[in-house]
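Here's the structure, in structure tokens; my notes come after.
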Amino acid sequence: MLRGALAAVPLLMSVLAERPTAGVPAALGAMLAGINDRPGSRRASVTRLGVPALAGSAGLLLGTMIASAVGGGRSLVVLPLLFGLLGLVAGAVSSTGPVASACGTQVMVTVVIGAGMPLPEPGPVRALLFLAGAGWLLLLRLLLPSNSRTGGGPYRLDGERQAVAAVYEAVARLLRATGGPHARAERAALSAALDQAQDALAGPRLRRRASSGAERRLHAQYAAAFPLAEAATALAWAGEPLPARVAEGPGRLADAVRAGGPCGPLPAPARTDAGLRALDDALLRAASVFDRPSGAPQGARKGGSPVSVLRRAWNAAGREYGLRVALCCATSTVVAQWLHHDHWYWLPATTVFLVKPDLGPLLSRVLCRAVGTVVGAAVFGVLALMVSGPWPLFAAVTLCGALLPVATRHFAVQTAVVTVLVLSLVMLGGEPPASWRRVVESLLACATVLLVGHLPLPGRRGNTVRAALDTAVGAAHRYLGHVLNSPQDQTGRGALRREAYRSLAAARTAIDLSAAELPAVARHSAGSDGVAGALERLIDTTTACAVQLDHRAAELPPAHAELLAAQLSELDRAWAVPAR
């Protein structure tokens with residue numbers, strides 16, 4: 001919230017210089033960066049905030065160039081066609097990941113604003129001001145200390161330290177839940193904690209040195225959690241309740257990560273079976289890492305090559321989403337230009353935000369947007385009647401910037417806050433408030449997205465779920481093949497296990513999102529939950545087999561081999577149902 005309030009400093013400088021229009025692009029860049037600002041490590045925030053900001057700056061420049069080319073930004077043919085083509089590409093790229101999704105959204109929003117919002121500054125200046133506003137928020141994100149410090153070490157690594165400690169805590173919770181009804185949920189929570197720590201440690205470095213001693217220590221501690229997670233998963237798969245002291249060791253390791261010191265004494269081992277022996281061995285190796293940290297950074301997740309990203313963008317799911325974004329952008333632009341001779345950009349910009357799929361189910365997005373816009377416009381209408389001049393508008397922008405991190409927890413609240421903020425910027429840019437006109441345009445955008453979202457398109461529906469399940473099934477088979485063919489390669493096995501569980505979590509997210517849609521959309525992914533369940537059982541069993549091969553026998557026990565064969569057959573049968 002403090003960062004959000006301080007993000008209005010560039011706008012303050014422009015108001016003091018009596019050039020409030022120059023502060024509008026900067027405040028817009030800070031607002032969009034604030035929407036992308038999430039708890040986590042500083043290093044990850046460079047990519048999460050910086051890359052979409054670059055995309056938004058390029059979009060703003062492109063929008064002003066398009067407006068100049070078509071003669072003032074008005075055309076019922078050329079503009080919808082150009083926005084549709086851009087929407088097709090941006091939508092397809094958005095389907096490849098969360099950062100790509102933010103980039104695609106910012107590009108389309110800023111292209112529309114650059115083409116439609118009348119500002120006196122030339123296009124390159126607008127783009128630089130936008131980048132300066134987003135860069136100022138990113139600088140605040142990197143420099144301001146966290147308010148959740150719990151131990152020693154440099155404050156710049158607070159996010160990474162919390163993420164690694166959360167992994168050990170998740171291992172302890174899974175061990176406590178083993179044999180009970182919450183074991184499956186805790187196993188999923190462990191996978192999510194590993195993913196978050198992986199992302200926190202994988203961002204770019206902003207120094208010439210490869211890493212500091214504190215960073216090497218965190219990387220080594222994260223790598224030491226892999227065998228612990230594997231052993232805990234195998235014990236949870238076995239389903240036998242464990243002694244309470246078994247979970248004490250990972251809990252002490254979590255405290256040591258936060259304190260930045262050694263782990264101290266660990267509880268006495270319980271080595272009665274292969275899973276407990278694996279857990280004890282992993283604890284001893286982790287303790288040695290905590291007491292004598294060394295080694296180069298490990299565990300960072302490598303991004304895909306540009307070719308692989310483009311391949312994912314142009315698969316069936318990417319094409320389907322890109323086509324819907326293109327239709328929404330083109331349709332809303334035609335309607336907006338037909339209704340208004342000027343200030344037409346609100347309708348297509350709202351449509352771009354609404355069509356973003358990672359904000360929740362389509363109907364929920366539409367309803368939340370409608371309610372939030374009405375509330376935000378009403379609040380701003382009261383404000384516009386009570387006060388005048390740039391300073392109350394600046395105060396409204398500052399307050400909304402501070403509230404934005406809290407408002408992002410619910411799309412309707414976020415919409416209300418963003419509506420007040422954007423309407424304040426619109427007035428600072430020299431336009432009339434027209435609050436209720438914005439409400440009408442937002443409702444038209446809701447109707448457009450709802451219609452296009454349920455429009456039958458060529459080909460099959462449910463491509464997003466199928467693509468996620470395809471990825472997860474492939475990762476599970478690679479993991480299983482590695483365990484059976486190279487059981488001693490623990491490093492490679494750990495990487496494949498992470499990819500298997502990570503892709504499984506992504507598939508479950510896509511399935512849950514599809515299931516929450518209206519029946520016309522949800523029916524296209526019917527049966528997918530059964531595939532995910534069979535896949536989860538196969539990955540858990542593969543992990544248990546890996547532990548057995550490490551600590552019990554040179555060959556897989558017959559019972560485990562039979563279970564693997566049965567679960568592979570179950571997965572094939574479940575996969576055949578949604579594939580029809």
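Here, A, B, ... name the chains of the structure tokens in the order displayed, residue numbers run from 1 inside each chain, and ligands are numbered from 1 in the same displayed order.
Omitting Gln567 of chain A and its sequence neighbours fewer than 3 positions away, and counting only C-alpha atoms, the residues within 8 Å are Ala534, Arg537, Leu538, Leu563, Leu564, Glu570 and Leu571 of chain A.
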Segment 181-189 of chain A surroundings by only C-alpha atoms, 8 Å radius, close-in-sequence under 6 positions cut, as JSON, numbers by chain: {"A": [170, 173, 174, 233, 236, 505]}
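Every protein or nucleic acid residue with an atom no more than 10 Å from Val406 of chain A, counting only C-alpha atoms and leaving out same-chain residues fewer than 6 positions away, appears here: Met1, Val413, Gln414 and Val417 of chain A.
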Would you list the contacts of segment 488-494 of chain A as a ChimeraX atom specification, taking every protein, DNA or RNA residue within 9 Å and counting only C-alpha atoms, but skipping same-chain residues closer than 6 positions in sequence? /A:226-227,230,479,482,546,549-550
Quick one: which segment 26-49 of chain A residues come within 12 Å of segment 59-75 of chain A, and what is the nearest atom pair for each with the distance in Å to one decimal, counting only C-alpha atoms, rows ordered by chain and ascending number, as JSON lines?
{"residue": "A:Ala26", "atom": "CA", "partner": "A:Leu60", "partner_atom": "CA", "distance": 11.5}
{"residue": "A:Leu28", "atom": "CA", "partner": "A:Leu60", "partner_atom": "CA", "distance": 10.7}
{"residue": "A:Gly29", "atom": "CA", "partner": "A:Leu60", "partner_atom": "CA", "distance": 10.1}
Could you save the residues just selected, with N, CA, C and O atoms, as a CSV table (one decimal), in the first residue's frame?
chain,number,residue,atom,x,y,z
A,26,ALA,N,2.4,8.4,-17.0
A,26,ALA,CA,3.2,7.9,-16.0
A,26,ALA,C,2.3,7.2,-14.9
A,26,ALA,O,2.6,6.1,-14.4
A,28,LEU,N,-0.6,6.0,-15.4
A,28,LEU,CA,-1.2,4.8,-16.0
A,28,LEU,C,-0.2,3.6,-16.0
A,28,LEU,O,-0.6,2.5,-15.6
A,29,GLY,N,1.1,3.9,-16.2
A,29,GLY,CA,2.1,2.9,-16.1
A,29,GLY,C,2.3,2.4,-14.7
A,29,GLY,O,2.4,1.1,-14.5
Secondary structure check, alpha helix (DSSP H) residues of segment 214-272 of chain A, as a ChimeraX atom specification: /A:214-238,248-259
Pick from A:Leu450, A:Ala247, A:Leu425, A:Leu12 nearest to Arg369 of chain A, counting only C-alpha atoms: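 Looking at the shortest contact to Arg369 of chain A, the residue is A:Leu450.
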Residues near Leu49 of chain A, cut-off 7 Å, only C-alpha atoms, skip fewer than 3 positions along chain, as a list in words: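 With the cut-off at 7 Å, the set is Ala33, Asn36, Asp37, Ser45, Val46, Pro52, Ala53 and Leu138 of chain A.
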Output for the residues just chosen: all heavy atoms as a compact mmCIF listing (two decimals), in the first residue's frame:
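Contents of result_29.txt, as written:
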# COMPACT_ATOMS: atom_id res chain seq x y z
N ALA A 33 1.40 -1.47 -13.45
CA ALA A 33 2.44 -2.19 -12.71
C ALA A 33 1.95 -2.57 -11.32
O ALA A 33 2.27 -3.66 -10.82
CB ALA A 33 3.71 -1.34 -12.62
N ASN A 36 0.01 -5.72 -11.32
CA ASN A 36 0.86 -6.91 -11.43
C ASN A 36 1.72 -7.15 -10.19
O ASN A 36 2.36 -8.19 -10.09
CB ASN A 36 1.78 -6.79 -12.64
CG ASN A 36 1.02 -6.80 -13.95
OD1 ASN A 36 0.02 -7.48 -14.08
ND2 ASN A 36 1.49 -6.03 -14.92
N ASP A 37 1.76 -6.17 -9.28
CA ASP A 37 2.60 -6.30 -8.09
C ASP A 37 1.97 -7.30 -7.12
O ASP A 37 0.82 -7.12 -6.69
CB ASP A 37 2.76 -4.93 -7.41
CG ASP A 37 3.87 -4.93 -6.38
OD1 ASP A 37 4.57 -5.94 -6.27
OD2 ASP A 37 4.03 -3.91 -5.70
N SER A 45 10.06 -9.94 -9.08
CA SER A 45 9.26 -8.77 -9.46
C SER A 45 9.86 -8.04 -10.66
O SER A 45 9.14 -7.31 -11.36
CB SER A 45 9.14 -7.80 -8.28
OG SER A 45 10.38 -7.21 -7.97
N VAL A 46 11.15 -8.20 -10.91
CA VAL A 46 11.76 -7.54 -12.07
C VAL A 46 11.09 -8.03 -13.35
O VAL A 46 10.75 -7.24 -14.24
CB VAL A 46 13.28 -7.82 -12.11
CG1 VAL A 46 13.90 -7.25 -13.37
CG2 VAL A 46 13.95 -7.21 -10.88
N PRO A 52 6.03 -6.67 -18.56
CA PRO A 52 4.77 -6.05 -19.02
C PRO A 52 4.86 -4.55 -19.20
O PRO A 52 4.20 -3.99 -20.09
CB PRO A 52 3.77 -6.43 -17.92
CG PRO A 52 4.33 -7.65 -17.29
CD PRO A 52 5.81 -7.46 -17.32
N ALA A 53 5.69 -3.87 -18.38
CA ALA A 53 5.84 -2.42 -18.55
C ALA A 53 6.47 -2.09 -19.89
O ALA A 53 6.06 -1.14 -20.58
CB ALA A 53 6.67 -1.84 -17.41
N LEU A 138 8.61 -0.10 -9.83
CA LEU A 138 9.54 -1.23 -9.73
C LEU A 138 10.73 -0.86 -8.85
O LEU A 138 11.20 -1.69 -8.05
CB LEU A 138 10.01 -1.64 -11.13
CG LEU A 138 11.04 -2.77 -11.20
CD1 LEU A 138 10.52 -4.03 -10.53
CD2 LEU A 138 11.42 -3.06 -12.65
Quote the spacing between atom CA of Gly481 of chain A and atom CA of Val531 of chain A in Å to one decimal place. 19.4 Å
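Counting only C-alpha atoms, the residue from A:Cys103, A:Ala197, A:Ala254, A:Leu128 that sits nearest to Ala172 of chain A is A:Ala254.
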If you count only C-alpha atoms, which residues fall within 12 Å of Leu568 of chain A, apart from same-chain ones fewer than 6 positions away, as a list of chain:residue names? A:Val473, A:Ala476, A:His477, A:Leu480, A:Val531, A:Ala534, A:Leu535, A:Glu536, A:Arg537, A:Leu538, A:Ile539, A:Thr541, A:Thr542, A:Ala561, A:Glu562, A:Ala574, A:Trp575
May I have the selected residues written with all heavy atoms, as a compact mmCIF listing (two decimals), in the first residue's frame?
# COMPACT_ATOMS: atom_id res chain seq x y z
N VAL A 473 0.27 -34.94 -18.79
CA VAL A 473 0.46 -36.36 -19.09
C VAL A 473 1.87 -36.61 -19.63
O VAL A 473 2.55 -37.57 -19.25
CB VAL A 473 -0.61 -36.84 -20.09
CG1 VAL A 473 -0.28 -38.23 -20.61
CG2 VAL A 473 -1.98 -36.86 -19.42
N ALA A 476 4.34 -36.42 -16.76
CA ALA A 476 4.25 -37.61 -15.90
C ALA A 476 4.95 -38.81 -16.54
O ALA A 476 5.65 -39.58 -15.85
CB ALA A 476 2.79 -37.93 -15.62
N HIS A 477 4.77 -39.00 -17.83
CA HIS A 477 5.43 -40.13 -18.50
C HIS A 477 6.95 -39.95 -18.54
O HIS A 477 7.70 -40.93 -18.38
CB HIS A 477 4.86 -40.29 -19.91
CG HIS A 477 3.56 -41.01 -19.95
ND1 HIS A 477 2.36 -40.36 -20.11
CD2 HIS A 477 3.25 -42.33 -19.83
CE1 HIS A 477 1.36 -41.23 -20.10
NE2 HIS A 477 1.88 -42.44 -19.94
N LEU A 480 8.15 -40.83 -15.00
CA LEU A 480 8.11 -42.27 -14.76
C LEU A 480 9.24 -42.97 -15.52
O LEU A 480 9.93 -43.84 -14.96
CB LEU A 480 6.75 -42.82 -15.19
CG LEU A 480 6.59 -44.35 -15.13
CD1 LEU A 480 6.81 -44.87 -13.73
CD2 LEU A 480 5.21 -44.75 -15.65
N VAL A 531 -9.30 -37.52 -15.34
CA VAL A 531 -7.95 -37.64 -15.88
C VAL A 531 -6.94 -37.07 -14.88
O VAL A 531 -5.88 -37.67 -14.62
CB VAL A 531 -7.83 -36.91 -17.23
CG1 VAL A 531 -6.42 -37.02 -17.78
CG2 VAL A 531 -8.83 -37.48 -18.22
N ALA A 534 -6.45 -39.51 -11.97
CA ALA A 534 -5.61 -40.65 -12.34
C ALA A 534 -4.16 -40.23 -12.51
O ALA A 534 -3.23 -40.96 -12.13
CB ALA A 534 -6.14 -41.27 -13.64
N LEU A 535 -3.94 -39.04 -13.04
CA LEU A 535 -2.59 -38.54 -13.23
C LEU A 535 -1.90 -38.28 -11.89
O LEU A 535 -0.72 -38.60 -11.70
CB LEU A 535 -2.67 -37.25 -14.05
CG LEU A 535 -1.39 -36.71 -14.68
CD1 LEU A 535 -0.77 -37.75 -15.58
CD2 LEU A 535 -1.71 -35.44 -15.45
N GLU A 536 -2.64 -37.72 -10.94
CA GLU A 536 -2.07 -37.45 -9.62
C GLU A 536 -1.68 -38.75 -8.93
O GLU A 536 -0.59 -38.85 -8.32
CB GLU A 536 -3.08 -36.68 -8.76
CG GLU A 536 -2.56 -36.34 -7.38
CD GLU A 536 -3.54 -35.49 -6.60
OE1 GLU A 536 -4.70 -35.35 -7.04
OE2 GLU A 536 -3.15 -34.97 -5.54
N ARG A 537 -2.52 -39.77 -9.02
CA ARG A 537 -2.18 -41.05 -8.41
C ARG A 537 -0.94 -41.66 -9.06
O ARG A 537 -0.10 -42.25 -8.38
CB ARG A 537 -3.37 -42.00 -8.50
CG ARG A 537 -4.53 -41.61 -7.58
CD ARG A 537 -5.63 -42.66 -7.57
NE ARG A 537 -6.38 -42.69 -8.82
CZ ARG A 537 -7.42 -41.91 -9.08
NH1 ARG A 537 -7.82 -41.02 -8.18
NH2 ARG A 537 -8.07 -41.99 -10.22
N LEU A 538 -0.81 -41.52 -10.38
CA LEU A 538 0.35 -42.07 -11.07
C LEU A 538 1.64 -41.35 -10.65
O LEU A 538 2.67 -42.00 -10.39
CB LEU A 538 0.15 -41.94 -12.58
CG LEU A 538 1.34 -42.39 -13.45
CD1 LEU A 538 1.62 -43.87 -13.26
CD2 LEU A 538 1.08 -42.07 -14.93
N ILE A 539 1.59 -40.02 -10.54
CA ILE A 539 2.79 -39.28 -10.15
C ILE A 539 3.17 -39.61 -8.70
O ILE A 539 4.36 -39.78 -8.39
CB ILE A 539 2.55 -37.77 -10.34
CG1 ILE A 539 2.30 -37.44 -11.80
CG2 ILE A 539 3.75 -36.97 -9.84
CD1 ILE A 539 1.91 -36.01 -12.06
N THR A 541 2.56 -42.39 -7.09
CA THR A 541 3.10 -43.75 -7.08
C THR A 541 4.51 -43.77 -7.66
O THR A 541 5.38 -44.50 -7.17
CB THR A 541 2.19 -44.69 -7.88
OG1 THR A 541 0.87 -44.65 -7.33
CG2 THR A 541 2.70 -46.12 -7.84
N THR A 542 4.76 -42.99 -8.70
CA THR A 542 6.10 -42.90 -9.26
C THR A 542 7.09 -42.38 -8.23
O THR A 542 8.22 -42.88 -8.12
CB THR A 542 6.09 -41.98 -10.50
OG1 THR A 542 5.15 -42.47 -11.45
CG2 THR A 542 7.46 -41.90 -11.13
N ALA A 561 5.26 -52.50 -9.10
CA ALA A 561 5.19 -52.64 -10.55
C ALA A 561 3.76 -52.91 -11.01
O ALA A 561 3.29 -52.33 -12.01
CB ALA A 561 6.12 -53.75 -11.02
N GLU A 562 3.05 -53.76 -10.29
CA GLU A 562 1.66 -54.05 -10.65
C GLU A 562 0.79 -52.80 -10.50
O GLU A 562 -0.11 -52.54 -11.32
CB GLU A 562 1.12 -55.19 -9.78
CG GLU A 562 1.79 -56.54 -10.06
CD GLU A 562 1.35 -57.60 -9.06
OE1 GLU A 562 0.48 -57.27 -8.20
OE2 GLU A 562 1.87 -58.72 -9.13
N ALA A 574 -9.24 -43.10 -18.59
CA ALA A 574 -9.79 -41.78 -18.24
C ALA A 574 -9.52 -40.77 -19.35
O ALA A 574 -10.36 -39.94 -19.67
CB ALA A 574 -9.19 -41.29 -16.93
N TRP A 575 -8.35 -40.85 -19.98
CA TRP A 575 -7.98 -39.92 -21.04
C TRP A 575 -8.83 -40.14 -22.28
O TRP A 575 -9.05 -39.20 -23.05
CB TRP A 575 -6.51 -40.09 -21.35
CG TRP A 575 -5.91 -39.08 -22.27
CD1 TRP A 575 -5.18 -39.32 -23.38
CD2 TRP A 575 -5.94 -37.65 -22.14
NE1 TRP A 575 -4.77 -38.16 -23.96
CE2 TRP A 575 -5.23 -37.11 -23.22
CE3 TRP A 575 -6.53 -36.79 -21.23
CZ2 TRP A 575 -5.08 -35.74 -23.42
CZ3 TRP A 575 -6.39 -35.42 -21.42
CH2 TRP A 575 -5.67 -34.92 -22.49
What lies within 9 Å of Ser101 of chain A using only C-alpha atoms, ignoring chain neighbours under 5 positions off, as a list of chain:residue names? A:Pro52, A:Ala90, A:Gly91, A:Val93, A:Ser94, A:Ser95, A:Thr96, A:Gln106, A:Lys356, A:Pro357, A:Asp358
Could the residues in this selection be saved with C-alpha atoms as a JSON list (two decimals), in the first residue's frame?
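The result, stored in result_7.json:
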[["chain", "number", "residue", "atom", "x", "y", "z"],
["A", 52, "PRO", "CA", 4.77, -6.05, -19.02],
["A", 90, "ALA", "CA", -1.54, -10.84, -28.10],
["A", 91, "GLY", "CA", -4.24, -13.30, -27.05],
["A", 93, "VAL", "CA", 0.88, -15.18, -26.58],
["A", 94, "SER", "CA", -1.12, -14.51, -23.39],
["A", 95, "SER", "CA", -2.03, -18.19, -23.14],
["A", 96, "THR", "CA", 1.60, -19.21, -22.51],
["A", 106, "GLN", "CA", -0.98, -4.24, -21.37],
["A", 356, "LYS", "CA", -8.40, -11.89, -19.68],
["A", 357, "PRO", "CA", -9.07, -15.52, -18.58],
["A", 358, "ASP", "CA", -6.90, -15.70, -15.44]]
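Taking only C-alpha atoms into account, Gly429 of chain A lies nearest to A:Phe394 out of the set A:Arg324, A:Ala234, A:Phe394, A:Pro487.
Atom pair atom CA of Arg497 of chain A / atom CA of Leu266 of chain A has a distance of 26.8 Å (rounded to one decimal).
Minimum atom-to-atom distance to Gly4 of chain A, evaluated using only C-alpha atoms, belongs to A:Leu399 out of A:Ala259, A:Ala565, A:Leu399, A:Cys545.
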Of the residues A:Thr105, A:Gln162, A:Ser514, A:Thr543, which is the one nearest to Asp529 of chain A, using only C-alpha atoms?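 Smallest distance to Asp529 of chain A is found for A:Ser514.
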